[in-house]
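Take a look at the structure below.
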Amino acid sequence: MKELEEMIRESSLPKNSLSYQIMHRIGEREMTMTRTSSKRPNGLKRTILVASAAAVLGGTVIGSGFVSPVMAATLKQIPVLGVLFEGTSEDAVKAAIEQGILSEPNLSVTHDGVTLKVADLLYDGTRLSFILEREGVDLPSTASPYIGEDETIVGNPDNEYIKSRKVAKEDQVKGYIERPRILVDGRDVEFGEGGFGDYPPQNNAYMVELTKDLKLPDQFELTIQANVTQVNETFEFKIPVNIANKSIVVKLDQATKSDGQFSYTVKQLYISPVSTRLVLDSEGEVPASAEQTGNYSASMVYYELVDDQGNVLTPQKFDYFHSKPKTEYHIDQLFSPVNGTPKSITIKPFTLTVNNKDWSVVGHGKNSHGDKTYLTDLEMTIPVKP
């Protein structure tokens, strides 16, 4: 696990780097990696980007998933892995279980000697995540490595990696889990971004996490339909979901900060026992410091969240871009939870310093995303009222 954590921290891949096995599916939204051909992302063809093997643990694909309450005490100390972020308190875990946010359905289906079980489920009103455990086959991974005929290839289709994954169904190895279909009250789920693939902390486990633009009620029937290679029958699970949603949603009409050149407006701040979500829009040229001139430039603007006790919340993922920043962004980002209910949350915008020649980040290393230049004139403190 330590080696995996170090590997993730060392990653500085661009946002459009993508692993096939840990697949990010992106809908037609701002700040996305891939655009699809419809506004109903869950039922669409996959888009496969040709990426090197080094992209398997790219910085944009690790950091989502779920850990059961039994695993919480161990995994919550590991940054980015699992939905129980580093520092999540036992009280927060208990509250999430009591509110129905965290559950262990333990439903299983067996077909042709292969068993799938829905082991863990998380829904907190803003993201949906579950783990499928597999039994009956012994394979090095869980997610299907194969590319179907109906999937779109972005890049060179003759790439050796792609060619090796285009295997006829009758020749595929038995036991890999294909991307599941997910329905709520009988309808395909619409979402802005999702992660599908192997769950690194656990063998024979497949993770699904849907985030961004989920518009689901507090009570619904969740249907999971999964197919396994060389198994004819579909594995179907129906799970009642009912959360006592006591999360805090801070909606703001005029929460805008501007330095005359760059501005951002906070649309929503969502606080649940297991996560914090920040939604905002920004526009304008990114401010540059004296060090961000000549051969160096400023990155896009990132946002740090700090509670009223001075605790910095951990972002679920940290993206790097091998390009100059745009003048408009829609940010929808998950952070670690706050302990209890804070009186306020402070947003501290910052940039990184980028080398224009190779897009490397000054100060980037295994213990640092890079040297931060804080934009103090753009800081904003938001009062939180439960």
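Going through the structure tokens in order, the chains are called A, B, and so on, while each chain numbers its residues from 1 and the ligands are numbered from 1 in the order shown.
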
**OP:** Assign secondary structure with DSSP using the backbone only, and return the residues of range 139-226 of chain A in helix (DSSP H, G or I) as an MDAnalysis selection string.
**Re:** chainID A and resid 160:165 169:171

Contacts of range 199-212 of chain A at 7 Å or less, counting only C-alpha atoms, minus same-chain residues fewer than 3 places along, as a short mmCIF file (atom, residue, chain, number, x, y, z; two decimals) with C-alpha atoms, in the first residue's frame?
```cif
data_model
loop_
_atom_site.label_atom_id
_atom_site.label_comp_id
_atom_site.auth_asym_id
_atom_site.auth_seq_id
_atom_site.Cartn_x
_atom_site.Cartn_y
_atom_site.Cartn_z
CA SER A 64 -12.42 7.50 -5.63
CA GLY A 65 -14.04 4.41 -4.24
CA THR A 126 -23.96 14.17 -4.00
CA ARG A 127 -22.13 10.99 -5.07
CA LEU A 128 -22.93 7.31 -5.47
CA SER A 129 -20.32 4.61 -4.95
CA PHE A 130 -20.32 0.84 -4.52
CA ILE A 131 -18.00 -2.16 -4.50
CA LEU A 132 -18.61 -5.43 -6.35
CA GLU A 133 -16.68 -8.38 -4.95
CA ARG A 134 -15.97 -11.33 -7.25
CA SER A 141 -7.48 -8.04 -12.12
CA THR A 142 -11.23 -7.60 -11.94
CA ALA A 143 -12.16 -5.05 -14.62
CA PHE A 191 -23.99 11.92 -14.21
CA GLY A 192 -21.17 14.25 -15.13
CA GLU A 193 -18.18 12.14 -14.14
CA GLY A 194 -17.59 8.61 -12.95
CA GLY A 195 -14.92 6.08 -12.14
CA PHE A 196 -15.13 2.38 -13.07
CA ASP A 332 -17.04 20.81 -9.10
#
```

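Proximity ranking of A:Phe335, A:Tyr320, A:Tyr264, A:Tyr270 relative to Asn245 in chain A places A:Tyr270 first, based on only C-alpha atoms.
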
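Relative to CA of Asp213 in chain A, CA of Glu328 in chain A is found at 18.6 Å.
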
Can you pull out every residue within 7 Å of range 176-184 of chain A, counting only C-alpha atoms, but drop anything in the same chain fewer than 4 positions away, and send it as an mmCIF file with N, CA and C atoms, in the first residue's frame?
```cif
data_model
loop_
_atom_site.group_PDB
_atom_site.id
_atom_site.type_symbol
_atom_site.label_atom_id
_atom_site.label_comp_id
_atom_site.auth_asym_id
_atom_site.auth_seq_id
_atom_site.Cartn_x
_atom_site.Cartn_y
_atom_site.Cartn_z
ATOM 1 N N ASN A 42 -24.746 7.408 -18.859
ATOM 2 C CA ASN A 42 -24.640 6.051 -18.335
ATOM 3 C C ASN A 42 -24.904 4.991 -19.387
ATOM 4 N N THR A 142 -9.786 -7.383 -11.969
ATOM 5 C CA THR A 142 -11.231 -7.600 -11.941
ATOM 6 C C THR A 142 -11.925 -6.975 -13.145
ATOM 7 N N ALA A 143 -11.531 -5.764 -13.517
ATOM 8 C CA ALA A 143 -12.164 -5.054 -14.624
ATOM 9 C C ALA A 143 -11.785 -5.674 -15.959
ATOM 10 N N SER A 144 -12.737 -5.732 -16.861
ATOM 11 C CA SER A 144 -12.473 -6.286 -18.187
ATOM 12 C C SER A 144 -11.426 -5.458 -18.919
ATOM 13 N N ASP A 188 -31.901 4.955 -16.393
ATOM 14 C CA ASP A 188 -30.449 5.112 -16.398
ATOM 15 C C ASP A 188 -30.048 6.371 -15.641
ATOM 16 N N VAL A 189 -29.012 6.252 -14.840
ATOM 17 C CA VAL A 189 -28.517 7.389 -14.072
ATOM 18 C C VAL A 189 -27.761 8.343 -14.990
ATOM 19 N N PHE A 196 -14.785 3.791 -12.978
ATOM 20 C CA PHE A 196 -15.128 2.377 -13.066
ATOM 21 C C PHE A 196 -13.841 1.578 -13.147
ATOM 22 N N PHE A 220 -34.743 5.921 -3.114
ATOM 23 C CA PHE A 220 -34.952 5.351 -4.446
ATOM 24 C C PHE A 220 -34.540 3.883 -4.452
ATOM 25 N N GLU A 221 -34.892 3.184 -5.541
ATOM 26 C CA GLU A 221 -34.431 1.810 -5.740
ATOM 27 C C GLU A 221 -33.266 1.837 -6.722
ATOM 28 N N LEU A 222 -32.121 1.368 -6.276
ATOM 29 C CA LEU A 222 -30.926 1.299 -7.108
ATOM 30 C C LEU A 222 -30.854 -0.074 -7.762
ATOM 31 N N THR A 223 -30.694 -0.099 -9.088
ATOM 32 C CA THR A 223 -30.513 -1.350 -9.825
ATOM 33 C C THR A 223 -29.128 -1.367 -10.446
ATOM 34 N N ILE A 224 -28.398 -2.440 -10.196
ATOM 35 C CA ILE A 224 -27.072 -2.630 -10.774
ATOM 36 C C ILE A 224 -27.133 -3.845 -11.684
ATOM 37 N N GLN A 225 -26.795 -3.670 -12.951
ATOM 38 C CA GLN A 225 -26.766 -4.767 -13.914
ATOM 39 C C GLN A 225 -25.342 -4.915 -14.432
ATOM 40 N N ALA A 226 -24.712 -6.028 -14.076
ATOM 41 C CA ALA A 226 -23.314 -6.248 -14.451
ATOM 42 C C ALA A 226 -23.197 -7.511 -15.290
ATOM 43 N N ASN A 227 -22.334 -7.458 -16.290
ATOM 44 C CA ASN A 227 -22.026 -8.626 -17.108
ATOM 45 C C ASN A 227 -20.588 -9.048 -16.875
ATOM 46 N N VAL A 228 -20.346 -10.345 -16.986
ATOM 47 C CA VAL A 228 -19.024 -10.924 -16.795
ATOM 48 C C VAL A 228 -18.643 -11.659 -18.070
ATOM 49 N N THR A 229 -17.407 -11.513 -18.499
ATOM 50 C CA THR A 229 -16.961 -12.164 -19.731
ATOM 51 C C THR A 229 -17.161 -13.674 -19.654
#
```

Subject >> For range 273-276 of chain A: contacts at 9 Å, only C-alpha atoms, fewer than 5 positions along chain excluded, given as number ranges by chain >> reply: A: 83-85, 88, 91-96, 101, 124, 246-247, 313, 333-340

So that I have them on file, write out the residues from the current selection with C-alpha atoms, as a PDB file, in the first residue's frame.
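Contents of out-v1.pdb, as written:
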```pdb
ATOM      1  CA  VAL A  83     -14.180   7.658   0.362  1.00  0.00           C
ATOM      2  CA  LEU A  84     -13.219   7.950   4.016  1.00  0.00           C
ATOM      3  CA  PHE A  85     -10.576  10.596   3.551  1.00  0.00           C
ATOM      4  CA  THR A  88     -12.209  11.220   8.911  1.00  0.00           C
ATOM      5  CA  ASP A  91     -18.016  10.115  14.856  1.00  0.00           C
ATOM      6  CA  ALA A  92     -18.369  11.002  11.170  1.00  0.00           C
ATOM      7  CA  VAL A  93     -18.325   7.325  10.174  1.00  0.00           C
ATOM      8  CA  LYS A  94     -20.937   6.538  12.824  1.00  0.00           C
ATOM      9  CA  ALA A  95     -23.134   9.432  11.681  1.00  0.00           C
ATOM     10  CA  ALA A  96     -22.868   8.292   8.055  1.00  0.00           C
ATOM     11  CA  ILE A 101     -25.051   7.070   3.808  1.00  0.00           C
ATOM     12  CA  ASP A 124     -24.579  10.976   0.518  1.00  0.00           C
ATOM     13  CA  LYS A 246     -28.897  15.922   7.282  1.00  0.00           C
ATOM     14  CA  SER A 247     -26.119  17.287   5.113  1.00  0.00           C
ATOM     15  CA  LEU A 313      -9.336  19.794   3.664  1.00  0.00           C
ATOM     16  CA  GLN A 333     -14.625  19.218  -6.630  1.00  0.00           C
ATOM     17  CA  LEU A 334     -14.749  16.843  -3.681  1.00  0.00           C
ATOM     18  CA  PHE A 335     -12.721  17.345  -0.502  1.00  0.00           C
ATOM     19  CA  SER A 336     -12.331  15.491   2.775  1.00  0.00           C
ATOM     20  CA  PRO A 337     -15.032  16.092   5.397  1.00  0.00           C
ATOM     21  CA  VAL A 338     -14.856  18.664   8.142  1.00  0.00           C
ATOM     22  CA  ASN A 339     -15.005  17.513  11.746  1.00  0.00           C
ATOM     23  CA  GLY A 340     -18.417  18.426  13.086  1.00  0.00           C
TER      24      GLY A 340
END
```

List every residue of range 231-308 of chain A that has an atom at most 7 Å from any atom of range 104-112 of chain A, giving for each one its closest atom pair and the distance in Å to one decimal, counting only C-alpha atoms, sorted by chain and then by ascending residue number, as CSV.
```
residue,atom,partner,partner_atom,distance
A:Val231,CA,A:Asp112,CA,6.5
A:Glu233,CA,A:His111,CA,6.6
A:Phe235,CA,A:Val109,CA,6.2
```

Saved selection, atoms kept: N, CA and C atoms, as a PDB file, in the first residue's frame:
```pdb
ATOM      1  N   VAL A 231     -19.840 -15.295 -19.442  1.00  0.00           N
ATOM      2  CA  VAL A 231     -21.021 -15.689 -18.667  1.00  0.00           C
ATOM      3  C   VAL A 231     -22.230 -15.066 -19.351  1.00  0.00           C
ATOM      4  N   GLU A 233     -25.580 -14.956 -18.491  1.00  0.00           N
ATOM      5  CA  GLU A 233     -26.587 -14.255 -17.695  1.00  0.00           C
ATOM      6  C   GLU A 233     -26.043 -12.945 -17.122  1.00  0.00           C
ATOM      7  N   PHE A 235     -25.831 -10.254 -14.101  1.00  0.00           N
ATOM      8  CA  PHE A 235     -25.906 -10.196 -12.639  1.00  0.00           C
ATOM      9  C   PHE A 235     -26.690  -8.932 -12.268  1.00  0.00           C
TER      10      PHE A 235
END
```

Subject >> Test item: residues at most 8 Å from range 345-350 of chain A, only C-alpha atoms, excluding those fewer than 3 positions along its chain, as a ChimeraX atom specification >> reply: /A:301-308,342,372-376,378-384

**OP:** Fewer than 5 positions away in the same chain doesn't count, so skip those; otherwise give me all residues within 8 Å of Asn356 in chain A, counting only C-alpha atoms, as a VMD selection string.
**Re:** chain A and resid 295 to 297

Serialized selection, C-alpha atoms, as a tab-separated table (two decimals), in the first residue's frame:
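Generated output (out_7.tsv):
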```
chain	number	residue	atom	x	y	z
A	295	ASN	CA	10.11	30.85	-19.09
A	296	TYR	CA	7.51	30.24	-16.40
A	297	SER	CA	3.79	30.88	-16.17
```

Original post:
Using only C-alpha atoms, which residue out of A:Lys174, A:Lys366, A:Asn311, A:Ser103 lies closest to Leu139 in chain A?
Top reply: A:Lys174

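A straight line drawn from CA of Met300 in chain A to CA of Tyr329 in chain A is 9.0 Å long.
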
Original post:
Could you pull out the strand (DSSP E) residues of range 290-367 of chain A from DSSP and send them as number ranges by chain?
Top reply: A: 296-298, 302-307, 328-335, 344-355

How about saving the chosen residues, C-alpha atoms kept, as a compact mmCIF listing (two decimals), in the first residue's frame?
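Dumped everything to out.txt:
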```txt
# COMPACT_ATOMS: atom_id res chain seq x y z
CA TYR A 296 7.51 30.24 -16.40
CA SER A 297 3.79 30.88 -16.17
CA ALA A 298 0.87 30.47 -13.79
CA TYR A 302 -6.83 25.88 -7.71
CA TYR A 303 -8.86 26.22 -4.52
CA GLU A 304 -7.86 25.23 -0.99
CA LEU A 305 -10.55 24.81 1.67
CA VAL A 306 -9.79 25.57 5.32
CA ASP A 307 -12.22 25.20 8.22
CA GLU A 328 -13.44 30.17 -17.98
CA TYR A 329 -13.83 27.16 -15.68
CA HIS A 330 -16.63 25.30 -13.96
CA ILE A 331 -15.21 23.63 -10.86
CA ASP A 332 -17.04 20.81 -9.10
CA GLN A 333 -14.63 19.22 -6.63
CA LEU A 334 -14.75 16.84 -3.68
CA PHE A 335 -12.72 17.35 -0.50
CA SER A 344 -17.20 28.94 8.43
CA ILE A 345 -15.14 27.65 5.50
CA THR A 346 -12.41 29.78 3.91
CA ILE A 347 -11.58 29.40 0.22
CA LYS A 348 -7.94 30.15 -0.57
CA PRO A 349 -7.26 30.33 -4.33
CA PHE A 350 -3.72 29.55 -5.49
CA THR A 351 -1.71 28.78 -8.60
CA LEU A 352 1.29 26.60 -9.37
CA THR A 353 4.34 27.76 -11.31
CA VAL A 354 4.75 25.89 -14.59
CA ASN A 355 7.80 25.57 -16.85
```
